[in-house]
2 protein chains.
Amino acid sequence: MNFRVRAATKDDCKHIERMIMELAVYEKMPEQVKISYKELERDGFGPNPFFECLVAEVTEDLKSKEGYTIVGYALYFYTYSTWKGPSVYMEDLYVMPDFRGNGIGKGLMSKVAQVGKEKRCVRLQLSVLDWNTPSLDFYVAKGAQDLTASEGWHYLRFDGDALDRLANEAPKD
Amino acid sequence: MNFRVRAATKDDCKHIERMIMELAVYEKMPEQVKISYKELERDGFGPNPFFECLVAEVTEDLKSKEGYTIVGYALYFYTYSTWKGPSVYMEDLYVMPDFRGNGIGKGLMSKVAQVGKEKRCVRLQLSVLDWNTPSLDFYVAKGAQDLTASEGWHYLRFDGDALDRLANEAPKD
């Protein structure tokens, strides 16, 4: 299938919003999405962006039944290991269902790896839900190590009231 | 105990390097550390820094037996949730053994939460090894959710040859 992977621009944010929602519907949690294209524009395409994004685009003759030529995205940002240095973290990887099986997901992920390496990143990391075995198998087949299984890493989060409490208890400058 | 938490400067990097190594020795993996203060200076204090860092400092009369007044650090960076928006991720939190039990770790973590909230972050996230129950208990007691236990997130990584292979397979622009 004829597709290209390119850096997203501000004009792509409505499409990225649409695909974030498609992914959340697939994951049966659409009500969790609090982000719209306006936040994506502000957070990814202003000064000091929080993320970078790639989109996969097909030619006009291959457009989706809804008329879309942007059919996938990979959203990522840079993290840091105090042992190894810069890493790239892929937050989302998504391809519209009708376009799967054509190497688009692999193409997006490989491009994230390439962009990361250009910034001296020594790791590409991501998280997968344990019930999502097709994705787990895909990543492991491509060479990923499952650090939760092999090293026992647990992923923790503070949000809402717990985060507010913490922040309010910060020592004075 | 009299201590203050402040943003690290380039001049603190030798101390941060020292404490990164102390933490790795505690974790019995000192040979894993490939980072020195020179990389920390470049990666954290140049243009487009990969991380930010706080240090905890005690007064001169409380200095460690080795003569150090910088006795702890928290190293963090910003990440992004496509459902919720900006988050702050705490990569390392460390306090020298003789200075524990005085609220320094809590002070560093609270300050990370506060700095994160100032940047509109809605989450503070971190990872902990499953055998490290004192730390797991500490974070959960402060209000963290264990997402690996509750939602089944697995943490995956590509590095070395697997990362090179991926990057080399990226589609052409």
# chains A, B, ... in the order shown; residues from 1 in each chain; ligands from 1
$ residues_around --residues "Val58 in chain A" --least-positions-apart "3" --cutoff "9 Å" --atoms "only C-alpha atoms" --output "number ranges by chain"
A: 1-4, 61-63, 68-71
$ select_by_dssp --residues "range 27-111 of chain A" --states "alpha helix (DSSP H)" --output "PyMOL selection string"
chain A and resi 37-45+104-111
$ residues_around --residues "Asn132 in chain B" --least-positions-apart "3" --cutoff "12 Å" --atoms "only C-alpha atoms" --output "list of chain:residue names"
A:Glu151, A:Gly152, A:Trp153, A:His154, B:Tyr26, B:Glu27, B:Ser127, B:Val128, B:Leu129, B:Ser135, B:Leu136, B:Asp137, B:Phe138, B:Tyr139
$ closest_residue --among "A:Lys106, A:Arg120, A:Arg100, A:Arg157" --to "chain B" --atoms "only C-alpha atoms"
A:Arg157
$ residues_around --residues "range 10-17 of chain B" --least-positions-apart "6" --cutoff "6 Å" --atoms "only C-alpha atoms" --output "CSV table (one decimal) with all heavy atoms, in the first residue's frame"
chain,number,residue,atom,x,y,z
B,36,SER,N,28.0,10.3,33.0
B,36,SER,CA,28.9,11.1,33.9
B,36,SER,C,28.3,12.5,34.0
B,36,SER,O,27.4,12.9,33.3
B,36,SER,CB,30.3,11.1,33.4
B,36,SER,OG,30.4,12.0,32.3
B,37,TYR,N,29.0,13.3,34.8
B,37,TYR,CA,28.5,14.7,35.0
B,37,TYR,C,28.5,15.5,33.7
B,37,TYR,O,27.7,16.4,33.5
B,37,TYR,CB,29.3,15.4,36.1
B,37,TYR,CG,30.7,15.8,35.7
B,37,TYR,CD1,30.9,17.1,35.2
B,37,TYR,CD2,31.7,14.9,35.9
B,37,TYR,CE1,32.2,17.4,34.8
B,37,TYR,CE2,33.0,15.3,35.5
B,37,TYR,CZ,33.3,16.5,35.0
B,37,TYR,OH,34.5,16.9,34.6
B,41,GLU,N,25.5,17.6,32.3
B,41,GLU,CA,25.5,19.0,32.0
B,41,GLU,C,25.0,19.3,30.6
B,41,GLU,O,24.2,20.2,30.4
B,41,GLU,CB,27.0,19.5,32.1
B,41,GLU,CG,27.6,19.6,33.5
B,41,GLU,CD,29.1,19.9,33.5
B,41,GLU,OE1,29.7,20.1,32.4
B,41,GLU,OE2,29.6,20.1,34.6
$ residues_around --residues "Tyr94 in chain B" --least-positions-apart "5" --cutoff "8 Å" --atoms "only C-alpha atoms" --output "ChimeraX atom specification"
/B:19,23,72-74,105
$ residues_around --residues "Leu147 in chain A" --least-positions-apart "3" --cutoff "6 Å" --atoms "only C-alpha atoms" --output "PyMOL selection string"
(chain A and resi 150-151) or (chain B and resi 155-156)
$ atom_distance --atom1 "CA of Ser110 in chain B" --atom2 "CA of Cys53 in chain B"
13.2 Å
$ atom_distance --atom1 "CA of Asp146 in chain B" --atom2 "CA of Val55 in chain B"
26.2 Å
$ residues_around --residues "Lys34 in chain A" --least-positions-apart "3" --cutoff "8 Å" --atoms "only C-alpha atoms" --output "list in words"
Glu31 of chain A; Trp83, Lys84 and Gly85 of chain B
$ write_last_selection --atoms "C-alpha atoms" --output "mmCIF file, in the first residue's frame"
data_model
loop_
_atom_site.group_PDB
_atom_site.id
_atom_site.type_symbol
_atom_site.label_atom_id
_atom_site.label_comp_id
_atom_site.auth_asym_id
_atom_site.auth_seq_id
_atom_site.Cartn_x
_atom_site.Cartn_y
_atom_site.Cartn_z
ATOM 1 C CA GLU A 31 -15.273 8.977 28.124
ATOM 2 C CA TRP B 83 -6.393 11.484 27.051
ATOM 3 C CA LYS B 84 -5.486 13.879 29.853
ATOM 4 C CA GLY B 85 -2.668 16.153 28.717
#
$ decode --residues "range 6-151 of chain B" --atoms "C-alpha atoms" --output "compact mmCIF listing (two decimals), in the first residue's frame"
# COMPACT_ATOMS: atom_id res chain seq x y z
CA ARG B 6 16.08 23.98 45.07
CA ALA B 7 16.42 23.65 41.30
CA ALA B 8 19.75 22.07 40.36
CA THR B 9 22.27 24.11 38.40
CA LYS B 10 25.03 22.97 36.07
CA ASP B 11 27.45 23.21 38.98
CA ASP B 12 25.54 20.48 40.82
CA CYS B 13 26.13 17.84 38.15
CA LYS B 14 29.12 16.25 39.87
CA HIS B 15 26.96 15.76 42.96
CA ILE B 16 24.08 14.41 40.89
CA GLU B 17 26.50 11.98 39.21
CA ARG B 18 27.75 10.89 42.65
CA MET B 19 24.23 10.24 43.91
CA ILE B 20 23.14 8.45 40.70
CA MET B 21 26.05 6.09 41.39
CA GLU B 22 25.15 5.71 45.07
CA LEU B 23 21.61 4.75 44.03
CA ALA B 24 22.93 2.24 41.47
CA VAL B 25 25.23 0.69 44.08
CA TYR B 26 22.23 0.32 46.40
CA GLU B 27 20.41 -1.38 43.53
CA LYS B 28 23.48 -3.62 43.00
CA MET B 29 23.91 -2.49 39.38
CA PRO B 30 26.68 0.17 39.42
CA GLU B 31 28.16 -1.19 36.17
CA GLN B 32 24.95 -0.14 34.38
CA VAL B 33 25.72 3.58 34.79
CA LYS B 34 27.07 5.01 31.53
CA ILE B 35 26.37 8.64 32.39
CA SER B 36 28.86 11.09 33.88
CA TYR B 37 28.48 14.70 34.99
CA LYS B 38 29.53 15.85 31.52
CA GLU B 39 26.51 14.17 29.90
CA LEU B 40 24.28 15.49 32.68
CA GLU B 41 25.54 19.02 32.00
CA ARG B 42 24.93 18.64 28.28
CA ASP B 43 21.57 16.85 28.51
CA GLY B 44 20.01 18.85 31.33
CA PHE B 45 21.48 22.33 31.16
CA GLY B 46 21.93 23.11 27.48
CA PRO B 47 19.33 24.09 24.86
CA ASN B 48 16.27 21.78 24.74
CA PRO B 49 17.11 19.95 27.99
CA PHE B 50 15.97 16.33 28.33
CA PHE B 51 15.29 16.66 32.07
CA GLU B 52 15.00 18.96 35.08
CA CYS B 53 16.42 18.24 38.52
CA LEU B 54 15.94 19.33 42.12
CA VAL B 55 18.52 18.92 44.86
CA ALA B 56 18.10 18.83 48.64
CA GLU B 57 20.71 20.74 50.57
CA VAL B 58 21.41 20.79 54.30
CA THR B 59 23.20 23.49 56.24
CA GLU B 60 26.99 23.26 56.63
CA ASP B 61 26.75 22.07 60.26
CA LEU B 62 24.74 19.04 59.15
CA LYS B 63 27.03 18.01 56.29
CA SER B 64 27.63 14.30 55.67
CA LYS B 65 30.67 12.49 57.03
CA GLU B 66 32.22 12.86 53.56
CA GLY B 67 31.63 16.61 53.76
CA TYR B 68 28.63 16.90 51.43
CA THR B 69 25.75 19.33 51.94
CA ILE B 70 23.87 18.14 48.84
CA VAL B 71 22.24 14.99 50.15
CA GLY B 72 19.37 14.15 47.80
CA TYR B 73 17.93 14.74 44.36
CA ALA B 74 14.83 14.25 42.24
CA LEU B 75 15.24 14.07 38.46
CA TYR B 76 12.13 14.44 36.32
CA PHE B 77 10.82 15.37 32.87
CA TYR B 78 7.51 16.05 31.15
CA THR B 79 5.44 13.47 29.34
CA TYR B 80 2.04 13.61 27.64
CA SER B 81 -1.19 11.66 27.88
CA THR B 82 -3.36 11.86 24.77
CA TRP B 83 -6.39 11.48 27.05
CA LYS B 84 -5.49 13.88 29.85
CA GLY B 85 -2.67 16.15 28.72
CA PRO B 86 0.72 17.00 30.24
CA SER B 87 2.19 14.84 33.01
CA VAL B 88 5.39 14.94 34.99
CA TYR B 89 7.47 11.76 35.32
CA MET B 90 9.89 11.35 38.23
CA GLU B 91 12.75 9.18 36.99
CA ASP B 92 14.86 9.19 40.19
CA LEU B 93 14.23 10.09 43.81
CA TYR B 94 17.18 9.61 46.17
CA VAL B 95 18.21 10.67 49.66
CA MET B 96 21.57 9.66 51.19
CA PRO B 97 21.02 6.91 53.81
CA ASP B 98 22.13 8.98 56.83
CA PHE B 99 19.62 11.69 55.96
CA ARG B 100 16.52 9.54 55.54
CA GLY B 101 13.51 9.75 57.82
CA ASN B 102 13.56 13.55 57.89
CA GLY B 103 11.01 14.28 55.19
CA ILE B 104 13.62 15.09 52.54
CA GLY B 105 12.35 12.52 50.04
CA LYS B 106 8.79 13.66 50.60
CA GLY B 107 9.91 17.28 50.22
CA LEU B 108 11.61 16.56 46.90
CA MET B 109 8.61 14.64 45.57
CA SER B 110 6.14 17.31 46.67
CA LYS B 111 8.20 19.94 44.93
CA VAL B 112 8.16 17.89 41.72
CA ALA B 113 4.36 17.75 42.03
CA GLN B 114 4.18 21.49 42.57
CA VAL B 115 6.46 22.32 39.64
CA GLY B 116 4.45 19.92 37.49
CA LYS B 117 1.15 21.51 38.44
CA GLU B 118 2.55 24.92 37.55
CA LYS B 119 3.07 23.52 34.04
CA ARG B 120 -0.55 22.24 33.92
CA CYS B 121 0.45 18.62 34.60
CA VAL B 122 -2.43 16.47 35.79
CA ARG B 123 -0.33 13.46 36.78
CA LEU B 124 2.93 12.62 38.52
CA GLN B 125 4.13 9.20 37.41
CA LEU B 126 7.06 6.95 38.28
CA SER B 127 8.19 3.33 38.14
CA VAL B 128 9.27 1.08 41.00
CA LEU B 129 10.73 -2.44 41.00
CA ASP B 130 8.36 -4.99 42.51
CA TRP B 131 10.95 -6.19 45.08
CA ASN B 132 11.34 -2.63 46.34
CA THR B 133 8.40 -2.84 48.75
CA PRO B 134 9.58 -0.01 51.05
CA SER B 135 9.38 2.38 48.10
CA LEU B 136 6.14 0.89 46.75
CA ASP B 137 4.59 1.22 50.21
CA PHE B 138 5.88 4.79 50.55
CA TYR B 139 4.35 5.93 47.27
CA VAL B 140 1.05 4.11 47.78
CA ALA B 141 0.78 5.57 51.30
CA LYS B 142 1.17 9.02 49.75
CA GLY B 143 -1.72 8.31 47.37
CA ALA B 144 -0.17 6.70 44.27
CA GLN B 145 -2.10 4.11 42.29
CA ASP B 146 -0.20 1.01 41.15
CA LEU B 147 -1.24 0.85 37.49
CA THR B 148 0.62 -2.37 36.81
CA ALA B 149 -1.36 -4.10 39.55
CA SER B 150 -4.72 -2.42 38.85
CA GLU B 151 -4.78 -2.05 35.08
